[in-house]
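Asker: Would you mind keeping the following structure in view while I ask a few things?
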Amino acid sequence: MTYGGDDGRRRMPPGPPQPPARPRQQQRAQMMPLPGRGQSPYDARTRPMGARGEAPPPPVPPRQDPPEYGGQQPRPRRRRRWSVGKILMTLLIVFVLFLGAVWAYLEFTINRVDAIADYSGRPAAASGTNWLIVGSDSRQGLSAADEERLATGDTGEAGGQRTDTIMIAHIPDNSTKPTLLSLPRDSQVKIPGHGTSKINAAFALGGPKLLVQTVEQATGLRMDHYAEIGFGGFANIVDAIGGVDMCIEKDMNDPMTGIDIKAGCQKLDGRSALGFVRMRHADATPRSDLDRVANQRKFIGALVSQIASPGTLLNPFDFFPLLGSAPDALTMDTGDHVHNLAGLAIAMRGISSDGVTTTTMPITDASAQHWDKKKSGQLFDALKNDTEVPPDVVMH
């Protein structure tokens with residue numbers, strides 16, 4: 001129903017009165033929290049989306065700033081791997097340090113003696129290098145039981161400390177073979193200040209220094225180095241490496257010492273080895289001292305070859321006992337060093353393989369008391385000049 005107004009327009013009839021409208025309230029603006037800050041008050045009035053009882057979603061990890069270099073992620077560290085070269089280098093360094101420790105140990109523990117000295121009329125130095133090698137009957141460090149076990153004999157009967165072995169080892173400066181020369185201990189020579197006597201008496205009268213001077217005057221060869229080993233030390237070295245392999249041609253039975261060695265290839269222990277190099281009263285040694293010095297050279301060749309073999313040097317059960325026995329067994333001149341001894345060992349390795357000329361001093365008769373002047377002169381000249389020893393001079 002409409003009705004007309006005064007202005008002629010149609011109007012709706014008035015309805016019931018309407019309640020006054022509420023004033024519109026403006027919602028207060030809320031600030032979103034900045035990254036990394038705590039929750040805003042608005043968070044407490046909101047309910048997480050999803051069904052009731054559903055666990056809220058995991059929190060968003062904090063934002064990480066990108067790395068400074070080119071926006072790339074850093075590479076993970078790679079574990080270092082040992083290459084073959086590094087392993088070999090490490091082993092080489094360990095080996096060198098071990099050799100250095102062994103060298104230092106021997107250098108400062110080997111016995112020393114003042115054996116080589118200058119004097120008026122001493123022979124001039126010539127070609128090559130000469131060692132005087134002495135095997136003494138010293139019983140130092142041996143107990144009564146050790147002397148009986150090793151059959152060293154009576155000290156009183158020996159008339160004082162003497163030398164059972166006197167050798168000259170010549171190492172040339174050229175490709176000539178080294179030479180190992182035995183001097184029979186009964187050789188009659190002039191001993192400075194004591195007249196003419198057996199050469200081994202020089203050691204009893206004046207020790208190593210007088211023996212060196214006596215040998216130099218008798219041979220005209222200047223000695224550069226000195227090495228000495230006693231009874232006990234010799235036997236200990238042999239036992240330290242488990243014995244020395246030797247092939248014995250004939251049964252050897254010495255009534256003087258009671259040493260009995262059967263013929264055949266076998267391993268000689270310290271006691272048997274000492275008897276072998278000293279024996280001269282057995283049927284197997286009809287030439288007495290000449291056969292003894294020949295056996296001494298033969299045994300030294302076998303001993304040096306076995307010590308220098310990989311089976312000894314790489315076997316700790318042989319090497320370390322040898323290392324422990326060497327300082328007490330060996331005596332060198334005060335001017336000698338371990339590297340000199342190593343040079344001697346390397347040169348003498350060829351004894352058993354004919355790489356070394358081995359000979360006894362040329363003599364005039366079986367008593368081995370007098371030297372053949374002509375042949376001995378040729379021998380000494382060859383050693384002085386580093387030339388081959390004439391074959392007709394070599395005596396086995």
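Each chain in the structure tokens gets a letter, A, B and so on, in the order shown; residues start at 1 in every chain, and ligands are counted from 1 in the order they appear.
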Let's see if you can do this: from backbone DSSP, list all helix (DSSP H, G or I) residues in region 225-259 of chain A, as a PyMOL selection string.
Answerer: chain A and resi 231-240
Asker: Between CA of Asp164 (chain A) and CA of Asn200 (chain A), what is the distance, to one decimal in Å?
Answerer: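 Computed distance, CA of Asp164 (chain A) to CA of Asn200 (chain A), equals 7.7 Å.
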Asker: Please return, as an MDAnalysis selection string, all residues of region 140-371 of chain A that DSSP assigns to strand (DSSP E) on the basis of the backbone.
Answerer: chainID A and resid 163:171 179:182 188:191 195:198 225:229 244:248 252:254 259:261 264:268 330:333 357:360
Asker: Which neighbours of Phe317 (chain A) fall inside 10 Å, counting only C-alpha atoms, when residues of the same chain fewer than 3 positions from it are skipped, and could you give them as a ChimeraX atom specification?
Answerer: /A:240-242,312-314,320-322
Asker: Quick one: write out the picked residues with all heavy atoms as an mmCIF file, in the first residue's frame?
Answerer:
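Result went into selection-v3.cif, see below:
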```cif
data_model
loop_
_atom_site.group_PDB
_atom_site.id
_atom_site.type_symbol
_atom_site.label_atom_id
_atom_site.label_comp_id
_atom_site.auth_asym_id
_atom_site.auth_seq_id
_atom_site.Cartn_x
_atom_site.Cartn_y
_atom_site.Cartn_z
ATOM 1 N N ALA A 240 124.134 -65.529 19.830
ATOM 2 C CA ALA A 240 123.086 -64.519 19.645
ATOM 3 C C ALA A 240 122.340 -64.704 18.333
ATOM 4 O O ALA A 240 121.134 -64.438 18.254
ATOM 5 C CB ALA A 240 123.693 -63.114 19.705
ATOM 6 N N ILE A 241 123.023 -65.184 17.299
ATOM 7 C CA ILE A 241 122.365 -65.375 16.004
ATOM 8 C C ILE A 241 121.937 -66.826 15.805
ATOM 9 O O ILE A 241 121.607 -67.234 14.684
ATOM 10 C CB ILE A 241 123.271 -64.918 14.846
ATOM 11 C CG1 ILE A 241 124.566 -65.720 14.808
ATOM 12 C CG2 ILE A 241 123.560 -63.435 14.948
ATOM 13 C CD1 ILE A 241 125.455 -65.399 13.599
ATOM 14 N N GLY A 242 121.952 -67.602 16.884
ATOM 15 C CA GLY A 242 121.474 -68.977 16.798
ATOM 16 C C GLY A 242 122.458 -69.955 16.214
ATOM 17 O O GLY A 242 122.063 -71.037 15.764
ATOM 18 N N THR A 312 118.924 -62.725 9.301
ATOM 19 C CA THR A 312 119.367 -62.255 10.621
ATOM 20 C C THR A 312 118.909 -60.831 10.887
ATOM 21 O O THR A 312 118.377 -60.525 11.957
ATOM 22 C CB THR A 312 120.903 -62.330 10.726
ATOM 23 O OG1 THR A 312 121.322 -63.695 10.590
ATOM 24 C CG2 THR A 312 121.378 -61.795 12.069
ATOM 25 N N LEU A 313 119.096 -59.955 9.922
ATOM 26 C CA LEU A 313 118.786 -58.535 10.127
ATOM 27 C C LEU A 313 117.290 -58.283 10.241
ATOM 28 O O LEU A 313 116.877 -57.333 10.920
ATOM 29 C CB LEU A 313 119.367 -57.707 8.972
ATOM 30 C CG LEU A 313 120.891 -57.754 8.833
ATOM 31 C CD1 LEU A 313 121.338 -56.919 7.638
ATOM 32 C CD2 LEU A 313 121.573 -57.256 10.097
ATOM 33 N N LEU A 314 116.460 -59.104 9.586
ATOM 34 C CA LEU A 314 115.020 -58.899 9.622
ATOM 35 C C LEU A 314 114.318 -59.781 10.652
ATOM 36 O O LEU A 314 113.099 -59.693 10.796
ATOM 37 C CB LEU A 314 114.416 -59.169 8.235
ATOM 38 C CG LEU A 314 114.930 -58.266 7.103
ATOM 39 C CD1 LEU A 314 114.269 -58.635 5.791
ATOM 40 C CD2 LEU A 314 114.705 -56.801 7.432
ATOM 41 N N PHE A 320 118.090 -58.454 17.667
ATOM 42 C CA PHE A 320 118.206 -57.745 18.940
ATOM 43 C C PHE A 320 119.174 -58.435 19.916
ATOM 44 O O PHE A 320 119.929 -57.749 20.606
ATOM 45 C CB PHE A 320 116.825 -57.549 19.564
ATOM 46 C CG PHE A 320 116.004 -56.513 18.857
ATOM 47 C CD1 PHE A 320 114.960 -56.873 18.026
ATOM 48 C CD2 PHE A 320 116.308 -55.169 18.987
ATOM 49 C CE1 PHE A 320 114.217 -55.911 17.354
ATOM 50 C CE2 PHE A 320 115.570 -54.201 18.310
ATOM 51 C CZ PHE A 320 114.530 -54.572 17.501
ATOM 52 N N PRO A 321 119.229 -59.778 19.990
ATOM 53 C CA PRO A 321 120.306 -60.385 20.789
ATOM 54 C C PRO A 321 121.695 -60.052 20.255
ATOM 55 O O PRO A 321 122.629 -59.837 21.033
ATOM 56 C CB PRO A 321 120.002 -61.881 20.688
ATOM 57 C CG PRO A 321 118.532 -61.958 20.463
ATOM 58 C CD PRO A 321 118.222 -60.776 19.583
ATOM 59 N N LEU A 322 121.841 -60.013 18.921
ATOM 60 C CA LEU A 322 123.125 -59.623 18.336
ATOM 61 C C LEU A 322 123.471 -58.188 18.713
ATOM 62 O O LEU A 322 124.612 -57.875 19.066
ATOM 63 C CB LEU A 322 123.062 -59.777 16.815
ATOM 64 C CG LEU A 322 124.275 -59.275 16.022
ATOM 65 C CD1 LEU A 322 125.509 -60.084 16.383
ATOM 66 C CD2 LEU A 322 123.996 -59.361 14.522
#
```
Asker: Closest to Leu290 (chain A) among A:Ala308, A:Ala117, A:Met395, A:Val244, using only C-alpha atoms?
Answerer: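 Of A:Ala308, A:Ala117, A:Met395, A:Val244, the one nearest Leu290 (chain A) is A:Met395, counting only C-alpha atoms.
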Asker: Counting only C-alpha atoms, what is within 12 Å of Thr358 (chain A), bar same-chain residues fewer than 6 positions away, as a PyMOL selection string?
Answerer: chain A and resi 167-170+177-183+293-298+300-301+348+350-352+379+388-389+391+393-396
